[in-house]
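This is start.json. It holds JSON, C-alpha atoms.
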```json
[["chain", "number", "residue", "atom", "x", "y", "z"],
["A", 1, "MET", "CA", -46.10, 91.99, -68.48],
["A", 2, "THR", "CA", -48.13, 92.20, -65.25],
["A", 3, "LYS", "CA", -47.91, 95.09, -62.82],
["A", 4, "ALA", "CA", -45.93, 92.85, -60.44],
["A", 5, "ASP", "CA", -43.51, 91.94, -63.26],
["A", 6, "LYS", "CA", -43.07, 95.63, -64.10],
["A", 7, "THR", "CA", -42.36, 96.45, -60.46],
["A", 8, "ARG", "CA", -39.80, 93.64, -60.19],
["A", 9, "GLN", "CA", -38.11, 94.84, -63.37],
["A", 10, "PHE", "CA", -38.11, 98.41, -62.07],
["A", 11, "ILE", "CA", -36.40, 97.30, -58.84],
["A", 12, "ILE", "CA", -33.82, 95.28, -60.78],
["A", 13, "GLU", "CA", -32.98, 98.10, -63.19],
["A", 14, "LYS", "CA", -32.77, 100.78, -60.50],
["A", 15, "THR", "CA", -30.58, 98.70, -58.18],
["A", 16, "ALA", "CA", -28.34, 97.09, -60.84],
["A", 17, "PRO", "CA", -25.72, 99.88, -60.81],
["A", 18, "ILE", "CA", -25.70, 99.93, -57.00],
["A", 19, "PHE", "CA", -25.07, 96.20, -56.65],
["A", 20, "ASN", "CA", -22.37, 96.42, -59.32],
["A", 21, "ARG", "CA", -20.58, 99.29, -57.53],
["A", 22, "LYS", "CA", -21.10, 98.30, -53.90],
["A", 23, "GLY", "CA", -21.44, 94.53, -54.18],
["A", 24, "TYR", "CA", -23.85, 92.25, -52.39],
["A", 25, "ALA", "CA", -22.51, 92.87, -48.88],
["A", 26, "GLY", "CA", -22.24, 96.64, -49.41],
["A", 27, "THR", "CA", -25.75, 97.11, -50.79],
["A", 28, "SER", "CA", -28.34, 97.62, -48.06],
["A", 29, "ILE", "CA", -32.11, 97.58, -48.12],
["A", 30, "ALA", "CA", -31.86, 101.34, -47.53],
["A", 31, "ASP", "CA", -29.90, 101.62, -50.80],
["A", 32, "ILE", "CA", -32.60, 99.64, -52.58],
["A", 33, "THR", "CA", -35.45, 101.74, -51.19],
["A", 34, "ALA", "CA", -33.58, 105.00, -51.91],
["A", 35, "ALA", "CA", -32.90, 103.98, -55.52],
["A", 36, "THR", "CA", -36.45, 102.83, -56.18],
["A", 37, "GLY", "CA", -38.47, 105.19, -54.01],
["A", 38, "LEU", "CA", -40.33, 102.13, -52.74],
["A", 39, "THR", "CA", -40.86, 101.07, -49.16],
["A", 40, "LYS", "CA", -39.09, 98.08, -47.65],
["A", 41, "GLY", "CA", -42.45, 96.29, -47.65],
["A", 42, "SER", "CA", -42.89, 96.95, -51.38],
["A", 43, "VAL", "CA", -39.44, 95.58, -52.15],
["A", 44, "TYR", "CA", -40.05, 92.47, -50.05],
["A", 45, "GLY", "CA", -43.52, 92.15, -51.53],
["A", 46, "ASN", "CA", -41.82, 91.55, -54.89],
["A", 47, "PHE", "CA", -38.69, 89.69, -53.75],
["A", 48, "GLN", "CA", -38.35, 87.20, -50.94],
["A", 49, "ASN", "CA", -35.12, 88.75, -49.67],
["A", 50, "LYS", "CA", -31.99, 90.65, -50.68],
["A", 51, "ASP", "CA", -30.49, 87.42, -52.08],
["A", 52, "GLU", "CA", -33.30, 87.16, -54.61],
["A", 53, "VAL", "CA", -32.80, 90.79, -55.65],
["A", 54, "ALA", "CA", -29.02, 90.27, -55.98],
["A", 55, "LEU", "CA", -29.41, 87.14, -58.13],
["A", 56, "ALA", "CA", -31.91, 88.87, -60.43],
["A", 57, "VAL", "CA", -29.67, 91.93, -60.66],
["A", 58, "PHE", "CA", -26.66, 89.81, -61.63],
["A", 59, "ASP", "CA", -28.67, 88.19, -64.44],
["A", 60, "TYR", "CA", -29.75, 91.65, -65.59],
["A", 61, "ASN", "CA", -26.23, 93.14, -65.50],
["A", 62, "PHE", "CA", -24.74, 90.15, -67.31],
["A", 63, "GLY", "CA", -27.55, 90.22, -69.87],
["A", 64, "VAL", "CA", -26.98, 93.91, -70.60],
["A", 65, "MET", "CA", -23.24, 93.38, -71.00],
["A", 66, "SER", "CA", -23.76, 90.31, -73.20],
["A", 67, "SER", "CA", -26.18, 92.24, -75.42],
["A", 68, "ILE", "CA", -23.64, 95.03, -75.89],
["A", 69, "VAL", "CA", -20.93, 92.52, -76.82],
["A", 70, "LYS", "CA", -23.25, 90.62, -79.19],
["A", 71, "LYS", "CA", -24.39, 93.83, -80.92],
["A", 72, "ASN", "CA", -20.81, 95.03, -81.43],
["A", 73, "MET", "CA", -19.66, 91.60, -82.62],
["A", 74, "ALA", "CA", -22.47, 91.50, -85.20],
["A", 75, "GLU", "CA", -21.03, 94.68, -86.72],
["A", 76, "GLN", "CA", -17.66, 93.02, -87.39],
["A", 77, "ALA", "CA", -16.86, 91.14, -90.58],
["A", 78, "ASN", "CA", -14.28, 88.61, -89.38],
["A", 79, "ALA", "CA", -13.52, 86.49, -86.34],
["A", 80, "ALA", "CA", -10.44, 88.38, -85.14],
["A", 81, "ASP", "CA", -12.34, 91.68, -85.20],
["A", 82, "LYS", "CA", -15.21, 90.04, -83.32],
["A", 83, "LEU", "CA", -12.73, 89.03, -80.60],
["A", 84, "ARG", "CA", -11.25, 92.54, -80.55],
["A", 85, "VAL", "CA", -14.70, 93.82, -79.53],
["A", 86, "TYR", "CA", -13.89, 92.67, -76.00],
["A", 87, "LEU", "CA", -10.73, 94.75, -76.01],
["A", 88, "THR", "CA", -12.51, 97.85, -77.25],
["A", 89, "LEU", "CA", -15.41, 97.59, -74.81],
["A", 90, "TYR", "CA", -13.40, 96.71, -71.73],
["A", 91, "SER", "CA", -10.71, 99.29, -72.52],
["A", 92, "GLU", "CA", -13.44, 101.90, -72.33],
["A", 93, "PHE", "CA", -15.39, 100.36, -69.46],
["A", 94, "ILE", "CA", -15.55, 103.72, -67.68],
["A", 95, "LYS", "CA", -17.69, 105.10, -70.55],
["A", 96, "ILE", "CA", -20.18, 102.21, -70.65],
["A", 97, "PRO", "CA", -23.11, 102.57, -68.22],
["A", 98, "ALA", "CA", -23.51, 98.78, -67.97],
["A", 99, "LEU", "CA", -19.96, 98.59, -66.65],
["A", 100, "ASP", "CA", -20.40, 101.38, -64.11],
["A", 101, "GLY", "CA", -18.43, 100.08, -61.17],
["A", 102, "GLY", "CA", -16.50, 97.59, -63.31],
["A", 103, "CYS", "CA", -17.32, 94.26, -64.87],
["A", 104, "PRO", "CA", -20.27, 92.61, -63.09],
["A", 105, "VAL", "CA", -18.75, 89.16, -63.64],
["A", 106, "LEU", "CA", -15.42, 90.18, -62.10],
["A", 107, "ASN", "CA", -17.02, 92.07, -59.22],
["A", 108, "THR", "CA", -19.39, 89.24, -58.36],
["A", 109, "SER", "CA", -16.72, 86.56, -58.74],
["A", 110, "VAL", "CA", -14.32, 88.26, -56.36],
["A", 111, "GLU", "CA", -16.93, 89.08, -53.75],
["A", 112, "SER", "CA", -18.86, 85.83, -53.78],
["A", 113, "ASP", "CA", -16.21, 83.13, -54.23],
["A", 114, "ASP", "CA", -16.16, 82.32, -50.51],
["A", 115, "THR", "CA", -19.28, 84.06, -49.26],
["A", 116, "HIS", "CA", -22.35, 83.58, -51.45],
["A", 117, "GLU", "CA", -22.84, 80.28, -53.24],
["A", 118, "GLY", "CA", -25.74, 81.47, -55.40],
["A", 119, "LEU", "CA", -23.85, 84.47, -56.77],
["A", 120, "LYS", "CA", -20.69, 82.38, -57.17],
["A", 121, "GLN", "CA", -22.65, 79.91, -59.31],
["A", 122, "LYS", "CA", -24.15, 82.73, -61.41],
["A", 123, "ALA", "CA", -20.68, 84.24, -61.98],
["A", 124, "GLY", "CA", -19.28, 80.80, -62.86],
["A", 125, "ASN", "CA", -22.08, 80.26, -65.38],
["A", 126, "ALA", "CA", -21.37, 83.68, -66.89],
["A", 127, "ILE", "CA", -17.68, 82.81, -67.28],
["A", 128, "ASP", "CA", -18.64, 79.48, -68.89],
["A", 129, "ALA", "CA", -20.87, 81.41, -71.33],
["A", 130, "TRP", "CA", -17.98, 83.77, -72.09],
["A", 131, "TYR", "CA", -15.72, 80.79, -72.83],
["A", 132, "LYS", "CA", -18.38, 79.34, -75.15],
["A", 133, "THR", "CA", -18.76, 82.61, -77.04],
["A", 134, "ILE", "CA", -15.02, 82.94, -77.65],
["A", 135, "ILE", "CA", -14.68, 79.29, -78.67],
["A", 136, "SER", "CA", -17.66, 79.65, -81.02],
["A", 137, "VAL", "CA", -16.14, 82.74, -82.67],
["A", 138, "VAL", "CA", -12.85, 80.87, -83.10],
["A", 139, "LYS", "CA", -14.56, 77.80, -84.62],
["A", 140, "VAL", "CA", -16.56, 79.88, -87.09],
["A", 141, "GLY", "CA", -13.37, 81.79, -87.92],
["A", 142, "ARG", "CA", -11.60, 78.52, -88.65],
["A", 143, "GLU", "CA", -14.40, 77.42, -90.97],
["A", 144, "LYS", "CA", -14.09, 80.72, -92.84],
["A", 145, "LYS", "CA", -10.26, 80.40, -92.92],
["A", 146, "GLU", "CA", -9.89, 83.58, -90.85],
["A", 147, "ILE", "CA", -8.30, 81.85, -87.85],
["A", 148, "ARG", "CA", -5.31, 79.52, -87.65],
["A", 149, "GLN", "CA", -6.19, 75.86, -87.43],
["A", 150, "LYS", "CA", -3.93, 74.54, -84.68],
["A", 151, "PHE", "CA", -4.13, 75.91, -81.16],
["A", 152, "ASP", "CA", -6.12, 75.11, -78.03],
["A", 153, "GLU", "CA", -9.16, 77.39, -78.23],
["A", 154, "LYS", "CA", -10.21, 76.70, -74.61],
["A", 155, "GLU", "CA", -6.77, 77.71, -73.36],
["A", 156, "PHE", "CA", -6.89, 80.78, -75.61],
["A", 157, "ALA", "CA", -10.33, 81.74, -74.23],
["A", 158, "GLY", "CA", -9.16, 81.37, -70.63],
["A", 159, "ALA", "CA", -6.07, 83.49, -71.18],
["A", 160, "LEU", "CA", -8.07, 86.17, -73.02],
["A", 161, "ILE", "CA", -10.67, 86.37, -70.25],
["A", 162, "ALA", "CA", -7.97, 86.46, -67.57],
["A", 163, "LEU", "CA", -6.12, 89.30, -69.30],
["A", 164, "ILE", "CA", -9.28, 91.35, -69.78],
["A", 165, "GLU", "CA", -10.59, 90.86, -66.25],
["A", 166, "GLY", "CA", -7.12, 91.29, -64.72],
["A", 167, "GLY", "CA", -6.68, 94.56, -66.59],
["A", 168, "VAL", "CA", -10.07, 95.85, -65.43],
["A", 169, "MET", "CA", -9.22, 94.86, -61.85],
["A", 170, "LEU", "CA", -5.90, 96.75, -62.01],
["A", 171, "ALA", "CA", -7.62, 99.87, -63.33],
["A", 172, "LYS", "CA", -10.35, 99.71, -60.67],
["A", 173, "VAL", "CA", -7.98, 99.13, -57.75],
["A", 174, "THR", "CA", -5.25, 101.59, -58.73],
["A", 175, "GLY", "CA", -7.38, 104.20, -60.46],
["A", 176, "LYS", "CA", -4.78, 104.15, -63.24],
["A", 177, "MET", "CA", -5.19, 102.85, -66.77],
["A", 178, "GLY", "CA", -1.61, 101.58, -67.30],
["A", 179, "GLY", "CA", -2.25, 98.00, -66.21],
["A", 180, "LEU", "CA", -5.45, 97.81, -68.25],
["A", 181, "LYS", "CA", -3.68, 99.15, -71.35],
["A", 182, "ALA", "CA", -0.84, 96.64, -70.93],
["A", 183, "ALA", "CA", -3.29, 93.75, -70.50],
["A", 184, "MET", "CA", -5.27, 94.80, -73.57],
["A", 185, "LYS", "CA", -2.06, 95.13, -75.59],
["A", 186, "GLN", "CA", -1.13, 91.54, -74.69],
["A", 187, "ALA", "CA", -4.66, 90.34, -75.46],
["A", 188, "GLY", "CA", -4.42, 92.09, -78.84],
["A", 189, "LYS", "CA", -1.16, 90.26, -79.57],
["A", 190, "MET", "CA", -2.86, 86.95, -78.73],
["A", 191, "ILE", "CA", -5.62, 87.70, -81.22],
["A", 192, "ASP", "CA", -3.08, 88.79, -83.87],
["A", 193, "GLU", "CA", -1.23, 85.47, -83.40],
["A", 194, "ILE", "CA", -4.30, 83.37, -84.21],
["A", 195, "ALA", "CA", -5.56, 85.54, -87.08],
["A", 196, "LYS", "CA", -4.59, 84.62, -90.63]]
```
Show this structure as structure tokens.
Amino acid sequence: MTKADKTRQFIIEKTAPIFNRKGYAGTSIADITAATGLTKGSVYGNFQNKDEVALAVFDYNFGVMSSIVKKNMAEQANAADKLRVYLTLYSEFIKIPALDGGCPVLNTSVESDDTHEGLKQKAGNAIDAWYKTIISVVKVGREKKEIRQKFDEKEFAGALIALIEGGVMLAKVTGKMGGLKAAMKQAGKMIDEIAK
């Protein structure tokens, strides 16, 4: 890794929590320089503009979250328990540094859907990847006879994602965990229904 690559990575890692908490519009160059201790010129010497920083930060935040999910799934023996990893992690999102400020996919989706095409596309790709992961877990579970054979796995994945993200949104907006707990309870019932 070159010195320039290390500096770019440093900027991404230091600003990732800020972008996740404050969003693209709320994060200023002053926030970036304060978090990194670098000058504005140093930041823009490594990134063309704030857009480029934001896009790189989203990839970083999503990558960190995906790694945590993958690691926890690898520790589970069957498909239903692998799916329950989402419930465990997102139920405790306040305790997970990568989710400081909430889910980066949810935050970016809500902020960028009408305002920032590049971030909207990144968030959409992340959601597509999430769908694929759930569908893959279901398919492997079917092969191992751990998951029921007949149901629409894409519909299941969409409903599971919506419940998880909706629950996180309720907790973030209200500051109360009741909506999140209710959403996770329903998501748990969905998983129980497909498990053998």
Counting only C-alpha atoms, which residues of range 107-163 of chain A fall within 10 Å of range 64-67 of chain A, and what is the closest atom pair for each with its distance in Å at one decimal, ordered by chain and rising number, as CSV?
```
residue,atom,partner,partner_atom,distance
A:Ala126,CA,A:Ser66,CA,9.5
A:Ala129,CA,A:Ser66,CA,9.5
A:Trp130,CA,A:Ser66,CA,8.8
A:Thr133,CA,A:Ser66,CA,10.0
```
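Among A:Asn49, A:Thr88, A:Ala54, A:Lys132, the residue with the shortest atom-to-atom distance to Val69 in chain A, counting all atoms listed in the file, is A:Thr88.
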Nearby residues (all atoms listed in the file) at most 8 Å from Asp31 in chain A, same-chain spacing under 3 positions excluded, as a ChimeraX atom specification
/A:15,18,27-28,34-35
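Of note, CA of Gly167 in chain A and CA of Val140 in chain A are spaced 27.1 Å apart.
Residue nearest Phe47 in chain A within the list A:Tyr24, A:Pro17, A:Gln76, A:Thr7: A:Thr7 [criterion: smallest interatomic distance, only C-alpha atoms].
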Could you name the residues that touch Ile191 in chain A at 8 Å or less, counting all atoms listed in the file, but leaving out those on the same chain fewer than 6 positions away, as a PyMOL selection string?
chain A and resi 80+83-84
Counting all atoms listed in the file, what is within 6 Å of range 143-158 of chain A, bar same-chain residues fewer than 4 positions away, as a PyMOL selection string?
chain A and resi 131+134-135+194-196
Excluding same-chain residues fewer than 4 positions from range 102-107 of chain A, what lies within 9 Å of it counting only C-alpha atoms, as a ChimeraX atom specification?
/A:19-21,23,58,61-62,65,90,93-94,98,111-112,122-124,126-127,165-166,168-169,172
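You will find CA of Asn46 in chain A at 9.8 Å from CA of Gln9 in chain A.
Between CA of Ile29 in chain A and CA of Asp51 in chain A there is a distance of 11.0 Å.
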